[in-house]
$ cat input_16.txt   # compact mmCIF, C-alpha atoms
# COMPACT_ATOMS: atom_id res chain seq x y z
CA MET A 1 51.31 5.79 -19.06
CA SER A 2 50.95 5.07 -15.38
CA ILE A 3 49.81 1.71 -14.10
CA GLY A 4 46.14 1.82 -13.15
CA LEU A 5 43.43 -0.49 -11.93
CA GLU A 6 42.70 -1.85 -15.42
CA HIS A 7 46.24 -3.18 -15.85
CA TYR A 8 45.97 -5.29 -12.72
CA LEU A 9 42.47 -6.48 -13.59
CA ILE A 10 43.52 -7.54 -17.10
CA LEU A 11 46.56 -9.34 -15.67
CA SER A 12 44.17 -11.11 -13.32
CA ALA A 13 41.84 -12.04 -16.20
CA VAL A 14 44.75 -13.42 -18.25
CA LEU A 15 46.00 -15.51 -15.33
CA PHE A 16 42.47 -16.77 -14.63
CA SER A 17 41.98 -17.75 -18.30
CA ILE A 18 45.25 -19.71 -18.38
CA GLY A 19 44.22 -21.52 -15.20
CA LEU A 20 40.73 -22.17 -16.61
CA TYR A 21 42.17 -23.69 -19.78
CA GLY A 22 44.50 -25.92 -17.77
CA ALA A 23 41.78 -27.03 -15.37
CA LEU A 24 39.48 -27.96 -18.25
CA ALA A 25 41.98 -29.51 -20.65
CA LYS A 26 44.51 -31.42 -18.55
CA ARG A 27 44.37 -35.10 -17.59
CA ASN A 28 46.82 -35.20 -14.69
CA ILE A 29 44.85 -34.44 -11.52
CA ILE A 30 47.83 -32.71 -9.84
CA ILE A 31 48.13 -30.35 -12.83
CA ILE A 32 44.40 -29.61 -12.53
CA LEU A 33 44.87 -28.71 -8.84
CA MET A 34 47.84 -26.49 -9.75
CA CYS A 35 45.67 -24.69 -12.31
CA ILE A 36 42.98 -24.15 -9.66
CA GLU A 37 45.66 -22.52 -7.49
CA LEU A 38 46.53 -20.27 -10.44
CA MET A 39 42.88 -19.21 -10.71
CA LEU A 40 42.68 -18.45 -6.98
CA ASN A 41 45.82 -16.33 -7.28
CA ALA A 42 44.25 -14.42 -10.16
CA VAL A 43 41.19 -13.66 -8.02
CA ASN A 44 43.47 -12.51 -5.20
CA ILE A 45 45.29 -10.10 -7.52
CA ALA A 46 41.96 -8.61 -8.60
CA MET A 47 40.79 -8.19 -4.99
CA VAL A 48 44.02 -6.58 -3.80
CA ALA A 49 43.95 -4.26 -6.82
CA PHE A 50 40.39 -3.19 -5.98
CA SER A 51 41.45 -2.69 -2.37
CA ARG A 52 44.37 -0.50 -3.46
CA PHE A 53 42.62 1.62 -6.06
CA VAL A 54 38.95 1.83 -5.01
CA THR A 55 38.98 1.73 -1.18
CA PRO A 56 42.60 2.42 -0.15
CA ALA A 57 41.70 3.17 3.47
CA LEU A 58 39.47 0.18 4.26
CA LEU A 59 41.61 -2.83 3.23
CA THR A 60 38.52 -5.03 2.82
CA GLY A 61 39.93 -6.59 -0.34
CA GLN A 62 43.09 -7.63 1.45
CA ILE A 63 41.05 -9.25 4.25
CA PHE A 64 39.11 -11.21 1.62
CA ALA A 65 42.38 -12.22 -0.06
CA ILE A 66 43.55 -13.61 3.28
CA PHE A 67 40.38 -15.69 3.58
CA VAL A 68 40.80 -16.92 0.00
CA MET A 69 44.34 -18.02 0.90
CA VAL A 70 43.02 -19.92 3.93
CA VAL A 71 40.45 -21.73 1.81
CA ALA A 72 43.08 -22.40 -0.88
CA ALA A 73 45.40 -23.97 1.69
CA ALA A 74 42.60 -26.20 3.00
CA GLU A 75 41.62 -27.12 -0.56
CA ALA A 76 45.20 -28.01 -1.50
CA ALA A 77 45.65 -30.19 1.60
CA VAL A 78 42.41 -32.13 1.13
CA GLY A 79 42.73 -32.30 -2.67
CA LEU A 80 46.25 -33.69 -2.61
CA ALA A 81 45.26 -36.14 0.15
CA ILE A 82 42.45 -37.38 -2.13
CA VAL A 83 44.95 -37.67 -5.02
CA ILE A 84 47.34 -39.74 -2.88
CA ALA A 85 44.52 -41.99 -1.61
CA LEU A 86 43.32 -42.41 -5.20
CA TYR A 87 46.80 -43.36 -6.39
CA ARG A 88 47.10 -45.87 -3.57
CA HIS A 89 43.85 -47.59 -4.52
CA ARG A 90 43.84 -47.35 -8.32
CA GLU A 91 47.51 -46.78 -9.32
CA THR A 92 46.60 -43.81 -11.50
CA ILE A 93 46.04 -40.07 -11.26
CA ASP A 94 44.65 -39.78 -14.77
CA SER A 95 41.32 -37.98 -14.66
CA ILE A 96 40.07 -39.99 -17.67
CA LYS A 97 40.63 -43.33 -15.95
CA THR A 98 39.06 -42.01 -12.75
CA ASP A 99 35.47 -42.56 -13.80
CA LEU A 100 34.16 -44.75 -10.99
CA MET A 101 31.22 -42.42 -10.36
CA LYS A 102 30.49 -41.79 -14.03
CA TRP A 103 27.03 -42.84 -15.06
CA MET B 1 58.68 4.92 -13.23
CA GLY B 2 60.26 2.14 -11.20
CA LEU B 3 56.81 0.88 -10.29
CA GLU B 4 55.86 0.60 -13.96
CA ILE B 5 59.02 -1.32 -14.87
CA ALA B 6 58.43 -3.64 -11.90
CA PHE B 7 54.81 -4.17 -12.95
CA TRP B 8 55.66 -5.07 -16.55
CA VAL B 9 58.52 -7.38 -15.55
CA LEU B 10 56.35 -9.18 -12.97
CA ASP B 11 53.51 -9.27 -15.50
CA ALA B 12 55.73 -11.02 -18.07
CA ILE B 13 57.04 -13.47 -15.44
CA ILE B 14 53.53 -14.34 -14.22
CA VAL B 15 52.09 -14.94 -17.69
CA ALA B 16 55.14 -16.90 -18.88
CA ALA B 17 55.20 -19.07 -15.75
CA ALA B 18 51.44 -19.73 -15.93
CA VAL B 19 51.72 -20.73 -19.60
CA ALA B 20 54.62 -22.99 -18.62
CA VAL B 21 52.47 -24.66 -15.93
CA VAL B 22 49.90 -25.51 -18.59
CA ALA B 23 52.25 -26.29 -21.47
CA LEU B 24 55.22 -28.16 -19.96
CA ARG B 25 55.25 -31.94 -20.44
CA ASN B 26 57.18 -32.66 -17.25
CA VAL B 27 54.93 -32.41 -14.18
CA PHE B 28 57.81 -31.58 -11.86
CA ARG B 29 58.96 -28.69 -14.05
CA ALA B 30 55.36 -27.46 -14.18
CA ALA B 31 55.38 -27.38 -10.37
CA LEU B 32 58.61 -25.34 -10.39
CA ALA B 33 57.02 -22.90 -12.86
CA LEU B 34 54.04 -22.66 -10.50
CA ILE B 35 56.40 -21.66 -7.65
CA LEU B 36 57.93 -18.96 -9.88
CA CYS B 37 54.41 -17.71 -10.64
CA PHE B 38 53.58 -17.53 -6.89
CA LEU B 39 56.77 -15.54 -6.25
CA ALA B 40 55.93 -13.06 -9.01
CA VAL B 41 52.40 -12.68 -7.59
CA ALA B 42 54.00 -11.77 -4.26
CA GLY B 43 55.94 -9.08 -6.16
CA ILE B 44 52.65 -7.82 -7.63
CA TYR B 45 51.30 -7.48 -4.07
CA VAL B 46 54.36 -5.38 -3.21
CA THR B 47 53.64 -3.06 -6.13
CA LEU B 48 50.07 -2.75 -4.77
CA SER B 49 51.55 -1.74 -1.36
CA ALA B 50 50.10 -4.84 0.29
CA ASP B 51 53.21 -5.76 2.28
CA PHE B 52 51.53 -8.16 4.71
CA LEU B 53 49.86 -10.08 1.88
CA ALA B 54 53.16 -10.37 0.02
CA ALA B 55 54.77 -11.98 3.08
CA VAL B 56 51.76 -14.26 3.57
CA GLN B 57 51.85 -15.22 -0.12
CA ILE B 58 55.49 -16.29 0.18
CA LEU B 59 54.91 -18.11 3.48
CA ILE B 60 51.75 -20.00 2.47
CA TYR B 61 52.09 -20.52 -1.27
CA VAL B 62 55.85 -20.66 -1.87
CA GLY B 63 56.59 -22.26 1.48
CA GLY B 64 53.57 -24.47 2.07
CA ILE B 65 51.39 -25.30 -0.91
CA SER B 66 54.25 -25.84 -3.35
CA VAL B 67 55.91 -28.26 -0.91
CA LEU B 68 52.59 -30.15 -0.69
CA ILE B 69 52.28 -30.27 -4.49
CA ILE B 70 55.87 -31.47 -5.01
CA LEU B 71 55.35 -34.09 -2.28
CA ALA B 72 52.22 -35.33 -4.03
CA ILE B 73 54.06 -35.47 -7.38
CA MET B 74 56.85 -37.51 -5.78
CA LEU B 75 54.42 -39.87 -4.02
CA THR B 76 52.36 -40.59 -7.10
CA ARG B 77 55.38 -41.33 -9.34
CA ASP B 78 53.53 -40.44 -12.51
CA VAL B 79 56.19 -37.92 -13.56
CA GLN B 80 57.38 -39.91 -16.57
CA GLN B 81 53.85 -40.02 -17.97
CA GLY B 82 53.88 -36.26 -18.43
CA SER B 83 50.78 -34.07 -18.46
CA PRO B 84 48.78 -34.91 -21.60
CA SER B 85 45.65 -33.06 -22.64
CA ASN B 86 42.24 -34.65 -22.92
CA ARG B 87 39.81 -34.51 -25.85
CA LEU B 88 38.43 -31.18 -24.63
CA ARG B 89 41.59 -29.26 -25.52
CA VAL B 90 40.18 -27.16 -28.36
CA PRO B 91 36.80 -26.37 -26.68
CA ALA B 92 38.62 -25.53 -23.44
CA PHE B 93 40.95 -23.18 -25.31
CA LEU B 94 37.97 -21.53 -26.99
CA ILE B 95 36.12 -21.17 -23.68
CA ALA B 96 39.18 -19.62 -22.02
CA LEU B 97 39.65 -17.27 -24.98
CA ILE B 98 35.99 -16.19 -24.98
CA PHE B 99 36.13 -15.66 -21.23
CA LEU B 100 39.27 -13.56 -21.57
CA GLY B 101 37.77 -11.48 -24.38
CA THR B 102 34.54 -10.83 -22.51
CA MET B 103 36.33 -9.96 -19.29
CA THR B 104 38.77 -7.61 -21.05
CA TYR B 105 35.93 -5.90 -22.90
CA ALA B 106 33.93 -5.46 -19.69
CA LEU B 107 36.93 -4.30 -17.67
CA ILE B 108 38.02 -1.70 -20.19
CA ASN B 109 34.52 -0.31 -20.76
CA THR B 110 33.61 0.03 -17.09
CA VAL B 111 34.22 3.32 -15.30
CA TRP B 112 35.70 2.37 -11.94
CA PRO B 113 35.29 4.71 -8.96
CA VAL B 114 39.04 5.04 -8.55
CA SER B 115 40.10 6.84 -5.39
CA THR B 116 43.20 9.00 -5.33
CA ALA B 117 43.82 8.58 -1.61
CA SER B 118 47.22 7.17 -0.71
CA PRO B 119 47.22 3.58 0.59
CA VAL B 120 47.67 2.61 4.22
CA GLU B 121 51.29 1.79 4.99
CA PRO B 122 52.27 -0.47 6.71
CA THR B 123 49.18 -2.60 6.33
CA THR B 124 49.76 -5.11 9.14
CA PRO B 125 48.26 -3.06 12.05
CA ALA B 126 45.31 -1.98 9.91
CA ILE B 127 44.59 -5.58 8.85
CA ALA B 128 44.88 -6.73 12.48
CA ASN B 129 42.39 -4.03 13.53
CA GLN B 130 39.99 -5.09 10.80
CA LEU B 131 40.31 -8.79 11.62
CA LEU B 132 40.25 -8.69 15.41
CA GLY B 133 38.88 -5.26 16.28
CA GLU B 134 35.43 -4.00 17.10
CA GLY B 135 32.90 -4.66 14.35
CA GLY B 136 35.50 -6.50 12.27
CA TYR B 137 35.85 -9.96 10.83
CA ILE B 138 36.33 -11.91 14.06
CA LEU B 139 33.58 -14.47 13.32
CA PRO B 140 34.88 -15.32 9.79
CA LEU B 141 38.35 -15.58 11.30
CA GLU B 142 37.18 -18.17 13.83
CA ILE B 143 35.29 -20.04 11.10
CA ALA B 144 38.48 -20.05 9.01
CA GLY B 145 40.30 -21.61 11.96
CA VAL B 146 37.65 -24.34 12.25
CA LEU B 147 37.85 -24.90 8.48
CA LEU B 148 41.62 -25.37 8.66
CA LEU B 149 41.24 -27.84 11.54
CA ALA B 150 38.62 -29.79 9.58
CA ALA B 151 40.87 -29.80 6.49
CA ILE B 152 43.84 -31.12 8.49
CA LEU B 153 41.73 -33.88 10.06
CA GLY B 154 40.23 -34.75 6.68
CA ALA B 155 43.64 -34.97 5.02
CA ILE B 156 45.00 -37.18 7.81
CA VAL B 157 41.99 -39.52 7.66
CA LEU B 158 42.22 -39.73 3.86
CA VAL B 159 45.88 -40.70 3.61
CA ARG B 160 46.20 -42.81 6.78
CA GLU B 161 47.28 -46.41 6.27
CA LYS B 162 44.71 -48.94 7.41

$ encode --input "input_16.txt" --output "structure tokens"
Amino acid sequence: MSIGLEHYLILSAVLFSIGLYGALAKRNIIIILMCIELMLNAVNIAMVAFSRFVTPALLTGQIFAIFVMVVAAAEAAVGLAIVIALYRHRETIDSIKTDLMKW
Amino acid sequence: MGLEIAFWVLDAIIVAAAVAVVALRNVFRAALALILCFLAVAGIYVTLSADFLAAVQILIYVGGISVLIILAIMLTRDVQQGSPSNRLRVPAFLIALIFLGTMTYALINTVWPVSTASPVEPTTPAIANQLLGEGGYILPLEIAGVLLLAAILGAIVLVREK
């Protein structure tokens, strides 16, 4: 059986689900950010797979993957800066104890 | 044949490393598993004949973002506390499982307009033409540059000592 589009898309769905579970269920904010990176990688795999199998000549999916990477890098920089500022002020990176804005 | 073996090996590495990121108690080891996952994703890009993206994946994710994450783990010194789960563990697992089931069902039952044309190789000149050429993505590219600048300034302002 040759490897087709569905294999890559299901791999992407599995990776996205693992990241979704981690982002919802973890307490450590750095782990949550890592899981968000996993989810962005899953989306990138799906887009590159579409680019390879559906429009091999256009490369639009790869361009979009590049933009996703740019946004992911910006998100990681700002997110980890927020985590470090939070740790400096409140001595914790536990998402349960970080409820200052909770009503 | 070689492509299939490479796909299944990379597939196993990606899923195992991602599960390790979620399941490992030690935050630092979870970060190392995340780096392994990024490397395997770069391999997946190679099997999809996206050579430029594979290089970019290694440069940005393995070289940049993982260094940032490990730096943040070291600076926050919460490694010994581990990565416990919150009360939403079971609902989150169910949600992820339902999402996976729905996605798999939809993906398998959709007829994709798969093209048999061979991919562009190497992809770097074609991507450069798309990004910078006539009628391409030059405006989003400039906006991405502004976004990166704003992110750098924001990160510096956030972590600067008073």

$ closest_atom_pairs --input "input_16.txt" --of "chain A" --to "chain B" --cutoff "6 Å" --atoms "all atoms listed in the file" --output "Markdown table"
| residue | atom | partner | partner_atom | distance |
| --- | --- | --- | --- | --- |
| A:Ser17 | CA | B:Ala96 | CA | 5.0 |
| A:Tyr21 | CA | B:Ala92 | CA | 5.4 |
| A:Gly22 | CA | B:Val22 | CA | 5.5 |
| A:Leu24 | CA | B:Ala92 | CA | 5.8 |
| A:Ala25 | CA | B:Arg89 | CA | 4.9 |
| A:Lys26 | CA | B:Ser85 | CA | 4.6 |
| A:Arg27 | CA | B:Ser85 | CA | 5.6 |
| A:Asn28 | CA | B:Ser83 | CA | 5.6 |
| A:Phe53 | CA | B:Val114 | CA | 5.5 |
| A:Val54 | CA | B:Val114 | CA | 4.8 |
| A:Pro56 | CA | B:Pro119 | CA | 4.8 |
| A:Ala74 | CA | B:Ala151 | CA | 5.3 |
| A:Val78 | CA | B:Ala155 | CA | 5.0 |
| A:Ala81 | CA | B:Ala155 | CA | 5.3 |
| A:Ala85 | CA | B:Val159 | CA | 5.5 |

$ atom_distance --input "input_16.txt" --atom1 "atom CA of Ala23 of chain A" --atom2 "atom CA of Tyr8 of chain A"
22.3 Å

$ atom_distance --input "input_16.txt" --atom1 "atom CA of Ala54 of chain B" --atom2 "atom CA of Leu5 of chain A"
18.3 Å

$ atom_distance --input "input_16.txt" --atom1 "atom CA of Ile18 of chain A" --atom2 "atom CA of Gly43 of chain B"
19.4 Å

$ build_atoms --input "input_16.txt" --residues "segment 81-99 of chain B" --atoms "N, CA and C atoms" --output "PDB file, in the coordinates of the input"
ATOM      1  N   GLN B  81      54.982 -40.002 -17.050  1.00  0.00           N
ATOM      2  CA  GLN B  81      53.850 -40.020 -17.970  1.00  0.00           C
ATOM      3  C   GLN B  81      53.555 -38.636 -18.536  1.00  0.00           C
ATOM      4  N   GLY B  82      54.097 -37.606 -17.929  1.00  0.00           N
ATOM      5  CA  GLY B  82      53.880 -36.260 -18.430  1.00  0.00           C
ATOM      6  C   GLY B  82      52.494 -35.741 -18.095  1.00  0.00           C
ATOM      7  N   SER B  83      52.105 -34.616 -18.705  1.00  0.00           N
ATOM      8  CA  SER B  83      50.780 -34.070 -18.460  1.00  0.00           C
ATOM      9  C   SER B  83      50.057 -33.894 -19.776  1.00  0.00           C
ATOM     10  N   PRO B  84      49.465 -34.996 -20.303  1.00  0.00           N
ATOM     11  CA  PRO B  84      48.780 -34.910 -21.600  1.00  0.00           C
ATOM     12  C   PRO B  84      47.458 -34.155 -21.473  1.00  0.00           C
ATOM     13  N   SER B  85      46.943 -33.722 -22.616  1.00  0.00           N
ATOM     14  CA  SER B  85      45.650 -33.060 -22.640  1.00  0.00           C
ATOM     15  C   SER B  85      44.566 -34.085 -22.958  1.00  0.00           C
ATOM     16  N   ASN B  86      43.344 -33.762 -22.577  1.00  0.00           N
ATOM     17  CA  ASN B  86      42.240 -34.650 -22.920  1.00  0.00           C
ATOM     18  C   ASN B  86      41.583 -34.196 -24.217  1.00  0.00           C
ATOM     19  N   ARG B  87      40.447 -34.821 -24.563  1.00  0.00           N
ATOM     20  CA  ARG B  87      39.810 -34.510 -25.850  1.00  0.00           C
ATOM     21  C   ARG B  87      39.240 -33.101 -25.877  1.00  0.00           C
ATOM     22  N   LEU B  88      39.083 -32.491 -24.695  1.00  0.00           N
ATOM     23  CA  LEU B  88      38.430 -31.180 -24.630  1.00  0.00           C
ATOM     24  C   LEU B  88      39.398 -30.023 -24.877  1.00  0.00           C
ATOM     25  N   ARG B  89      40.584 -30.305 -25.456  1.00  0.00           N
ATOM     26  CA  ARG B  89      41.590 -29.260 -25.520  1.00  0.00           C
ATOM     27  C   ARG B  89      41.126 -28.052 -26.320  1.00  0.00           C
ATOM     28  N   VAL B  90      40.597 -28.293 -27.503  1.00  0.00           N
ATOM     29  CA  VAL B  90      40.180 -27.160 -28.360  1.00  0.00           C
ATOM     30  C   VAL B  90      38.979 -26.408 -27.763  1.00  0.00           C
ATOM     31  N   PRO B  91      37.893 -27.114 -27.328  1.00  0.00           N
ATOM     32  CA  PRO B  91      36.800 -26.370 -26.680  1.00  0.00           C
ATOM     33  C   PRO B  91      37.260 -25.614 -25.440  1.00  0.00           C
ATOM     34  N   ALA B  92      38.150 -26.219 -24.647  1.00  0.00           N
ATOM     35  CA  ALA B  92      38.620 -25.530 -23.440  1.00  0.00           C
ATOM     36  C   ALA B  92      39.381 -24.273 -23.812  1.00  0.00           C
ATOM     37  N   PHE B  93      40.209 -24.374 -24.870  1.00  0.00           N
ATOM     38  CA  PHE B  93      40.950 -23.180 -25.310  1.00  0.00           C
ATOM     39  C   PHE B  93      39.985 -22.099 -25.767  1.00  0.00           C
ATOM     40  N   LEU B  94      38.939 -22.512 -26.524  1.00  0.00           N
ATOM     41  CA  LEU B  94      37.970 -21.530 -26.990  1.00  0.00           C
ATOM     42  C   LEU B  94      37.237 -20.882 -25.822  1.00  0.00           C
ATOM     43  N   ILE B  95      36.849 -21.705 -24.833  1.00  0.00           N
ATOM     44  CA  ILE B  95      36.120 -21.170 -23.680  1.00  0.00           C
ATOM     45  C   ILE B  95      37.002 -20.160 -22.941  1.00  0.00           C
ATOM     46  N   ALA B  96      38.279 -20.525 -22.719  1.00  0.00           N
ATOM     47  CA  ALA B  96      39.180 -19.620 -22.020  1.00  0.00           C
ATOM     48  C   ALA B  96      39.358 -18.320 -22.798  1.00  0.00           C
ATOM     49  N   LEU B  97      39.460 -18.453 -24.150  1.00  0.00           N
ATOM     50  CA  LEU B  97      39.650 -17.270 -24.980  1.00  0.00           C
ATOM     51  C   LEU B  97      38.421 -16.361 -24.943  1.00  0.00           C
ATOM     52  N   ILE B  98      37.220 -16.988 -25.028  1.00  0.00           N
ATOM     53  CA  ILE B  98      35.990 -16.190 -24.980  1.00  0.00           C
ATOM     54  C   ILE B  98      35.862 -15.500 -23.636  1.00  0.00           C
ATOM     55  N   PHE B  99      36.182 -16.258 -22.566  1.00  0.00           N
ATOM     56  CA  PHE B  99      36.130 -15.660 -21.230  1.00  0.00           C
ATOM     57  C   PHE B  99      37.058 -14.463 -21.122  1.00  0.00           C
TER      58      PHE B  99
END
